[in-house]
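As stored in data.cif (mmCIF, C-alpha atoms):
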data_data
loop_
_atom_site.label_atom_id
_atom_site.label_comp_id
_atom_site.auth_asym_id
_atom_site.auth_seq_id
_atom_site.Cartn_x
_atom_site.Cartn_y
_atom_site.Cartn_z
CA THR A 1 -11.12 -98.71 13.00
CA GLN A 2 -14.47 -97.67 14.32
CA LEU A 3 -14.02 -95.42 17.34
CA LEU A 4 -17.62 -95.65 18.51
CA GLU A 5 -19.20 -99.09 18.71
CA GLN A 6 -22.96 -99.27 18.99
CA SER A 7 -24.82 -102.36 20.13
CA PRO A 8 -26.95 -104.08 19.25
CA GLN A 9 -26.99 -103.33 15.53
CA PHE A 10 -30.69 -104.20 15.31
CA LEU A 11 -33.44 -104.45 17.89
CA SER A 12 -37.07 -105.44 17.34
CA ILE A 13 -39.50 -105.24 20.23
CA GLN A 14 -43.21 -105.07 20.94
CA GLU A 15 -44.97 -101.89 21.97
CA GLY A 16 -44.79 -101.41 25.73
CA GLU A 17 -41.48 -103.18 26.23
CA ASN A 18 -38.31 -101.50 27.45
CA LEU A 19 -35.03 -101.38 25.56
CA THR A 20 -31.46 -100.22 26.03
CA VAL A 21 -28.89 -99.42 23.36
CA TYR A 22 -25.21 -98.86 24.00
CA CYS A 23 -22.42 -96.71 22.66
CA ASN A 24 -18.87 -97.69 23.64
CA SER A 25 -15.40 -96.44 22.91
CA SER A 26 -11.84 -96.76 24.16
CA SER A 27 -11.44 -93.00 23.68
CA VAL A 28 -12.50 -90.21 26.00
CA PHE A 29 -15.02 -87.72 24.66
CA SER A 30 -15.59 -84.18 25.81
CA SER A 31 -19.25 -84.57 24.88
CA LEU A 32 -21.54 -87.15 23.38
CA GLN A 33 -24.73 -86.73 21.41
CA TRP A 34 -27.60 -89.05 20.61
CA TYR A 35 -29.57 -88.65 17.41
CA ARG A 36 -32.58 -90.43 15.93
CA GLN A 37 -32.91 -90.83 12.17
CA GLU A 38 -36.12 -91.86 10.46
CA PRO A 39 -36.28 -93.23 6.90
CA GLY A 40 -35.83 -90.53 4.27
CA GLU A 41 -34.74 -87.94 6.81
CA GLY A 42 -31.57 -86.63 8.38
CA PRO A 43 -30.62 -87.34 12.00
CA VAL A 44 -32.39 -85.28 14.66
CA LEU A 45 -30.52 -84.37 17.83
CA LEU A 46 -32.09 -85.84 20.98
CA VAL A 47 -29.62 -84.92 23.71
CA THR A 48 -26.07 -83.87 24.54
CA VAL A 49 -24.22 -85.14 27.61
CA VAL A 50 -20.98 -83.58 28.77
CA THR A 51 -20.28 -84.58 32.37
CA GLY A 52 -19.08 -88.05 33.40
CA GLY A 53 -21.91 -89.89 35.17
CA GLU A 54 -24.52 -87.49 33.85
CA VAL A 55 -28.08 -88.74 33.42
CA LYS A 56 -30.62 -86.89 31.29
CA LYS A 57 -34.25 -87.71 30.78
CA LEU A 58 -36.41 -86.82 27.81
CA LYS A 59 -39.93 -88.12 28.50
CA ARG A 60 -39.56 -91.93 28.22
CA LEU A 61 -35.91 -91.75 27.12
CA THR A 62 -33.08 -91.86 29.65
CA PHE A 63 -29.53 -91.09 28.58
CA GLN A 64 -26.46 -91.85 30.65
CA PHE A 65 -22.83 -90.82 30.12
CA GLY A 66 -20.23 -93.13 31.65
CA ASP A 67 -18.09 -91.89 34.53
CA ALA A 68 -14.96 -92.06 32.37
CA ARG A 69 -16.74 -90.38 29.43
CA LYS A 70 -16.00 -93.35 27.17
CA ASP A 71 -19.46 -94.86 26.90
CA SER A 72 -23.13 -94.02 26.97
CA SER A 73 -26.49 -95.73 27.02
CA LEU A 74 -29.99 -94.89 25.92
CA HIS A 75 -32.91 -96.53 27.70
CA ILE A 76 -36.47 -96.31 26.39
CA THR A 77 -39.31 -97.16 28.73
CA ALA A 78 -42.61 -98.49 27.38
CA ALA A 79 -41.56 -98.18 23.76
CA GLN A 80 -44.06 -96.94 21.18
CA PRO A 81 -44.13 -97.40 17.40
CA GLY A 82 -43.11 -93.75 17.08
CA ASP A 83 -39.78 -94.65 18.68
CA THR A 84 -38.86 -96.65 15.58
CA GLY A 85 -35.74 -95.33 13.93
CA LEU A 86 -31.96 -95.48 13.65
CA TYR A 87 -30.34 -94.30 16.87
CA LEU A 88 -26.91 -92.79 16.39
CA CYS A 89 -24.37 -91.72 18.96
CA ALA A 90 -21.70 -89.17 18.15
CA GLY A 91 -18.74 -88.10 20.23
CA GLU A 92 -16.57 -85.04 20.17
CA MET A 93 -12.94 -86.08 20.62
CA THR A 94 -10.98 -84.36 23.36
CA THR A 95 -7.76 -84.36 21.40
CA ASP A 96 -9.07 -83.80 17.92
CA SER A 97 -9.57 -80.56 16.08
CA TRP A 98 -12.77 -78.71 16.84
CA GLY A 99 -15.68 -79.33 14.55
CA LYS A 100 -14.78 -82.97 14.02
CA PHE A 101 -17.05 -85.66 15.41
CA GLN A 102 -17.10 -89.43 15.38
CA PHE A 103 -20.35 -91.23 14.72
CA GLY A 104 -21.29 -94.79 15.51
CA ALA A 105 -22.91 -96.98 12.86
CA GLY A 106 -26.20 -96.87 14.70
CA THR A 107 -28.78 -99.19 16.24
CA GLN A 108 -31.89 -99.82 14.16
CA VAL A 109 -34.88 -100.02 16.51
CA VAL A 110 -38.24 -101.35 15.33
CA VAL A 111 -41.23 -101.16 17.67
CA THR A 112 -44.23 -103.13 16.49
CA PRO A 113 -47.80 -102.46 17.71
CA GLU B 1 -38.62 -72.55 4.84
CA THR B 2 -37.14 -73.44 8.19
CA GLY B 3 -34.23 -75.59 9.28
CA VAL B 4 -31.83 -77.13 6.80
CA THR B 5 -32.96 -77.90 3.26
CA GLN B 6 -31.20 -79.96 0.60
CA THR B 7 -31.79 -80.29 -3.11
CA PRO B 8 -32.20 -82.47 -4.99
CA ARG B 9 -33.56 -85.17 -2.70
CA HIS B 10 -32.67 -87.89 -5.21
CA LEU B 11 -30.03 -87.93 -7.94
CA VAL B 12 -28.98 -90.56 -10.43
CA MET B 13 -25.87 -89.79 -12.43
CA GLY B 14 -23.45 -91.54 -14.73
CA MET B 15 -19.77 -91.72 -13.98
CA THR B 16 -18.94 -89.06 -16.57
CA ASN B 17 -21.56 -86.53 -15.43
CA LYS B 18 -21.05 -83.36 -13.43
CA LYS B 19 -23.68 -82.40 -10.89
CA SER B 20 -24.01 -80.30 -7.76
CA LEU B 21 -25.78 -80.80 -4.45
CA LYS B 22 -27.17 -77.77 -2.69
CA CYS B 23 -27.73 -77.11 0.99
CA GLU B 24 -29.33 -74.07 2.61
CA GLN B 25 -29.74 -73.36 6.29
CA HIS B 26 -32.31 -70.89 7.63
CA LEU B 27 -31.09 -71.00 11.25
CA GLY B 28 -28.52 -68.22 11.27
CA HIS B 29 -25.75 -70.72 11.98
CA ASN B 30 -22.06 -70.10 11.33
CA ALA B 31 -20.78 -73.59 10.52
CA MET B 32 -21.86 -76.07 7.86
CA TYR B 33 -20.89 -79.68 7.23
CA TRP B 34 -21.07 -82.35 4.53
CA TYR B 35 -21.40 -85.99 5.59
CA LYS B 36 -21.59 -89.24 3.62
CA GLN B 37 -23.85 -91.98 4.97
CA SER B 38 -23.50 -95.49 3.55
CA ALA B 39 -25.54 -98.47 4.66
CA LYS B 40 -24.45 -99.92 8.02
CA LYS B 41 -21.44 -97.60 8.22
CA PRO B 42 -20.85 -94.61 10.50
CA LEU B 43 -21.48 -91.18 9.10
CA GLU B 44 -18.30 -89.94 7.46
CA LEU B 45 -17.50 -86.28 7.91
CA MET B 46 -16.32 -84.91 4.56
CA PHE B 47 -15.98 -81.15 4.92
CA VAL B 48 -16.51 -78.46 7.54
CA TYR B 49 -16.92 -74.76 6.84
CA SER B 50 -16.84 -72.10 9.51
CA LEU B 51 -17.72 -68.54 8.54
CA GLU B 52 -17.38 -69.58 4.88
CA GLU B 53 -13.84 -70.86 5.38
CA ARG B 54 -13.05 -74.54 4.95
CA VAL B 55 -11.58 -75.80 8.21
CA GLU B 56 -11.76 -79.55 7.76
CA ASN B 57 -11.11 -81.80 4.82
CA ASN B 58 -11.21 -85.44 5.72
CA SER B 59 -9.05 -86.89 2.95
CA VAL B 60 -11.93 -86.79 0.53
CA PRO B 61 -11.19 -87.63 -3.14
CA SER B 62 -10.87 -84.62 -5.40
CA ARG B 63 -13.91 -85.70 -7.41
CA PHE B 64 -15.85 -84.08 -4.55
CA SER B 65 -15.46 -80.31 -4.45
CA PRO B 66 -17.22 -78.17 -1.83
CA GLU B 67 -18.15 -74.53 -2.11
CA CYS B 68 -19.50 -72.19 0.56
CA PRO B 69 -20.37 -68.80 -0.95
CA ASN B 70 -21.92 -67.50 2.29
CA SER B 71 -22.84 -68.77 5.72
CA SER B 72 -26.29 -69.92 4.60
CA HIS B 73 -25.37 -71.92 1.50
CA LEU B 74 -23.19 -74.93 0.88
CA PHE B 75 -22.63 -76.84 -2.33
CA LEU B 76 -20.99 -80.15 -3.16
CA HIS B 77 -19.82 -80.35 -6.75
CA LEU B 78 -19.51 -83.85 -8.14
CA HIS B 79 -17.59 -85.05 -11.19
CA THR B 80 -16.41 -88.39 -12.53
CA LEU B 81 -17.83 -90.27 -9.57
CA GLN B 82 -17.53 -94.00 -8.97
CA PRO B 83 -20.34 -96.47 -8.15
CA GLU B 84 -18.99 -96.75 -4.59
CA ASP B 85 -19.82 -93.07 -4.13
CA SER B 86 -23.51 -93.97 -4.12
CA ALA B 87 -24.80 -93.00 -0.68
CA LEU B 88 -26.92 -90.54 1.26
CA TYR B 89 -25.20 -87.16 1.43
CA LEU B 90 -26.19 -85.15 4.46
CA CYS B 91 -25.67 -81.47 5.11
CA ALA B 92 -25.67 -80.09 8.66
CA SER B 93 -25.19 -76.77 10.36
CA SER B 94 -24.35 -75.61 13.86
CA ARG B 95 -24.53 -72.33 15.72
CA GLY B 96 -20.85 -71.91 16.32
CA ALA B 97 -17.70 -73.32 14.87
CA VAL B 98 -17.02 -75.35 17.98
CA SER B 99 -20.57 -76.60 18.36
CA TYR B 100 -21.33 -80.28 18.58
CA GLU B 101 -25.07 -79.79 18.33
CA GLN B 102 -25.73 -80.12 14.65
CA TYR B 103 -28.92 -79.76 12.68
CA PHE B 104 -29.19 -82.00 9.66
CA GLY B 105 -30.98 -81.68 6.37
CA PRO B 106 -32.98 -84.58 4.90
CA GLY B 107 -30.13 -85.63 2.63
CA THR B 108 -29.65 -86.30 -1.07
CA ARG B 109 -29.83 -89.95 -2.11
CA LEU B 110 -27.15 -90.29 -4.79
CA THR B 111 -26.88 -93.24 -7.15
CA VAL B 112 -23.92 -93.46 -9.51
CA THR B 113 -24.45 -95.78 -12.45
#

Encoding of this model in structure tokens:
Amino acid sequence: TQLLEQSPQFLSIQEGENLTVYCNSSSVFSSLQWYRQEPGEGPVLLVTVVTGGEVKKLKRLTFQFGDARKDSSLHITAAQPGDTGLYLCAGEMTTDSWGKFQFGAGTQVVVTP
Amino acid sequence: ETGVTQTPRHLVMGMTNKKSLKCEQHLGHNAMYWYKQSAKKPLELMFVYSLEERVENNSVPSRFSPECPNSSHLFLHLHTLQPEDSALYLCASSRGAVSYEQYFGPGTRLTVT
């Protein structure tokens, strides 16, 4: 059973368009991270959210943590080809042992010029 | 070198071979992790080491054997692998044992023939 469901699995858009990807779970997380992974590389941490309802902005990327800390979204404004990559969410369980994290399967985003 | 490095970047091995993957972190972190990444599946946490002590073992088959000689180095010893073990193996590190902000290496692409 996959604890973190990411949707959509694949998203292809034109440069300049906006997009939103989602990360949902029935479990509560004490924190949630978003990573971006490019081909041939490991994931790179983009942001960590810890408070229910929290919104963080990183240039054109806006991250939101759900009030109940069970879901999160990533919104990209005016996407650029450099935003292409696999976006992964990861959650730290509240009841699990420390150091153990659950990852989603990812959303593959392709931004074409 | 900076960050987290992994060698080799690519490895092809037969089912009867023995090989080792190496990871080195230059960040002064105290915890290190091994993950398995298969296509369209969530990252699977395999092992966690904190201050050179193994603190997590996620029911990984014994044909995978980790070793952490010091806080900067992590190895994954492989023997008698199966074709389904073919995947990208990622190493990560974090500042503290309870840290959810992990820094990943580029991975080793393993193919078992």

Please identify all residues of chain B having at least one atom at most 12 Å from any atom of chain A, considering all atoms listed in the file, and return them as an MDAnalysis selection string.
chainID B and resid 3:6 9:10 30:50 54:58 88:109

note - atom CA of Asn18 of chain A and atom CA of Ala79 of chain A are separated by 5.9 Å

Distance atom CA of His79 of chain B-atom CA of Leu11 of chain B, one decimal place?
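About the pair atom CA of His79 of chain B and atom CA of Leu11 of chain B: they are 13.2 Å apart.
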
Taking the file as shown, find all residues satisfying the PyMOL selection byres ((chain A and resi 70) around 6) and write them as a ChimeraX atom specification.
/A:25,27-28,68-69,71

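Those DNA, RNA and protein residues that approach the point (-18.7, -89.8, -4.8) to within 9 Å, considering only C-alpha atoms, are Lys36, Pro61, Arg63, Phe64, Leu78, His79, Thr80, Leu81, Gln82, Pro83, Glu84, Asp85, Ser86, Ala87, Leu110 and Val112 of chain B.
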
Near Gln80 of chain A, within 7 Å and counting all atoms listed in the file, which residues show up once chain neighbours fewer than 4 positions away are dropped, as a list in words?
Glu15, Gly16 and Val111 of chain A

Length of the atom CA of Ser26 of chain A to atom CA of Ile76 of chain A vector [Å]:
24.7 Å

For the file shown, report as a PDB file with C-alpha atoms, in the coordinates of the input the outcome of the PyMOL selection byres ((chain B and resi 68) around 9) at residue level.
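Resulting contents of result.pdb:
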ATOM      1  CA  MET B  32     -21.860 -76.070   7.860  1.00  0.00           C
ATOM      2  CA  TYR B  49     -16.920 -74.760   6.840  1.00  0.00           C
ATOM      3  CA  LEU B  51     -17.720 -68.540   8.540  1.00  0.00           C
ATOM      4  CA  GLU B  52     -17.380 -69.580   4.880  1.00  0.00           C
ATOM      5  CA  GLU B  53     -13.840 -70.860   5.380  1.00  0.00           C
ATOM      6  CA  ARG B  54     -13.050 -74.540   4.950  1.00  0.00           C
ATOM      7  CA  PRO B  66     -17.220 -78.170  -1.830  1.00  0.00           C
ATOM      8  CA  GLU B  67     -18.150 -74.530  -2.110  1.00  0.00           C
ATOM      9  CA  PRO B  69     -20.370 -68.800  -0.950  1.00  0.00           C
ATOM     10  CA  ASN B  70     -21.920 -67.500   2.290  1.00  0.00           C
ATOM     11  CA  SER B  71     -22.840 -68.770   5.720  1.00  0.00           C
ATOM     12  CA  SER B  72     -26.290 -69.920   4.600  1.00  0.00           C
ATOM     13  CA  HIS B  73     -25.370 -71.920   1.500  1.00  0.00           C
ATOM     14  CA  LEU B  74     -23.190 -74.930   0.880  1.00  0.00           C
ATOM     15  CA  PHE B  75     -22.630 -76.840  -2.330  1.00  0.00           C
ATOM     16  CA  LEU B  76     -20.990 -80.150  -3.160  1.00  0.00           C
TER      17      LEU B  76
END

Ground truth for the PyMOL selection byres ((chain A and resi 54) around 8), written as a PDB file with C-alpha atoms, in the frame of the given file:
ATOM      1  CA  VAL A  49     -24.220 -85.140  27.610  1.00  0.00           C
ATOM      2  CA  VAL A  50     -20.980 -83.580  28.770  1.00  0.00           C
ATOM      3  CA  THR A  51     -20.280 -84.580  32.370  1.00  0.00           C
ATOM      4  CA  GLY A  52     -19.080 -88.050  33.400  1.00  0.00           C
ATOM      5  CA  GLY A  53     -21.910 -89.890  35.170  1.00  0.00           C
ATOM      6  CA  VAL A  55     -28.080 -88.740  33.420  1.00  0.00           C
ATOM      7  CA  LYS A  56     -30.620 -86.890  31.290  1.00  0.00           C
ATOM      8  CA  GLN A  64     -26.460 -91.850  30.650  1.00  0.00           C
ATOM      9  CA  PHE A  65     -22.830 -90.820  30.120  1.00  0.00           C
ATOM     10  CA  GLY A  66     -20.230 -93.130  31.650  1.00  0.00           C
ATOM     11  CA  ASP A  67     -18.090 -91.890  34.530  1.00  0.00           C
TER      12      ASP A  67
END
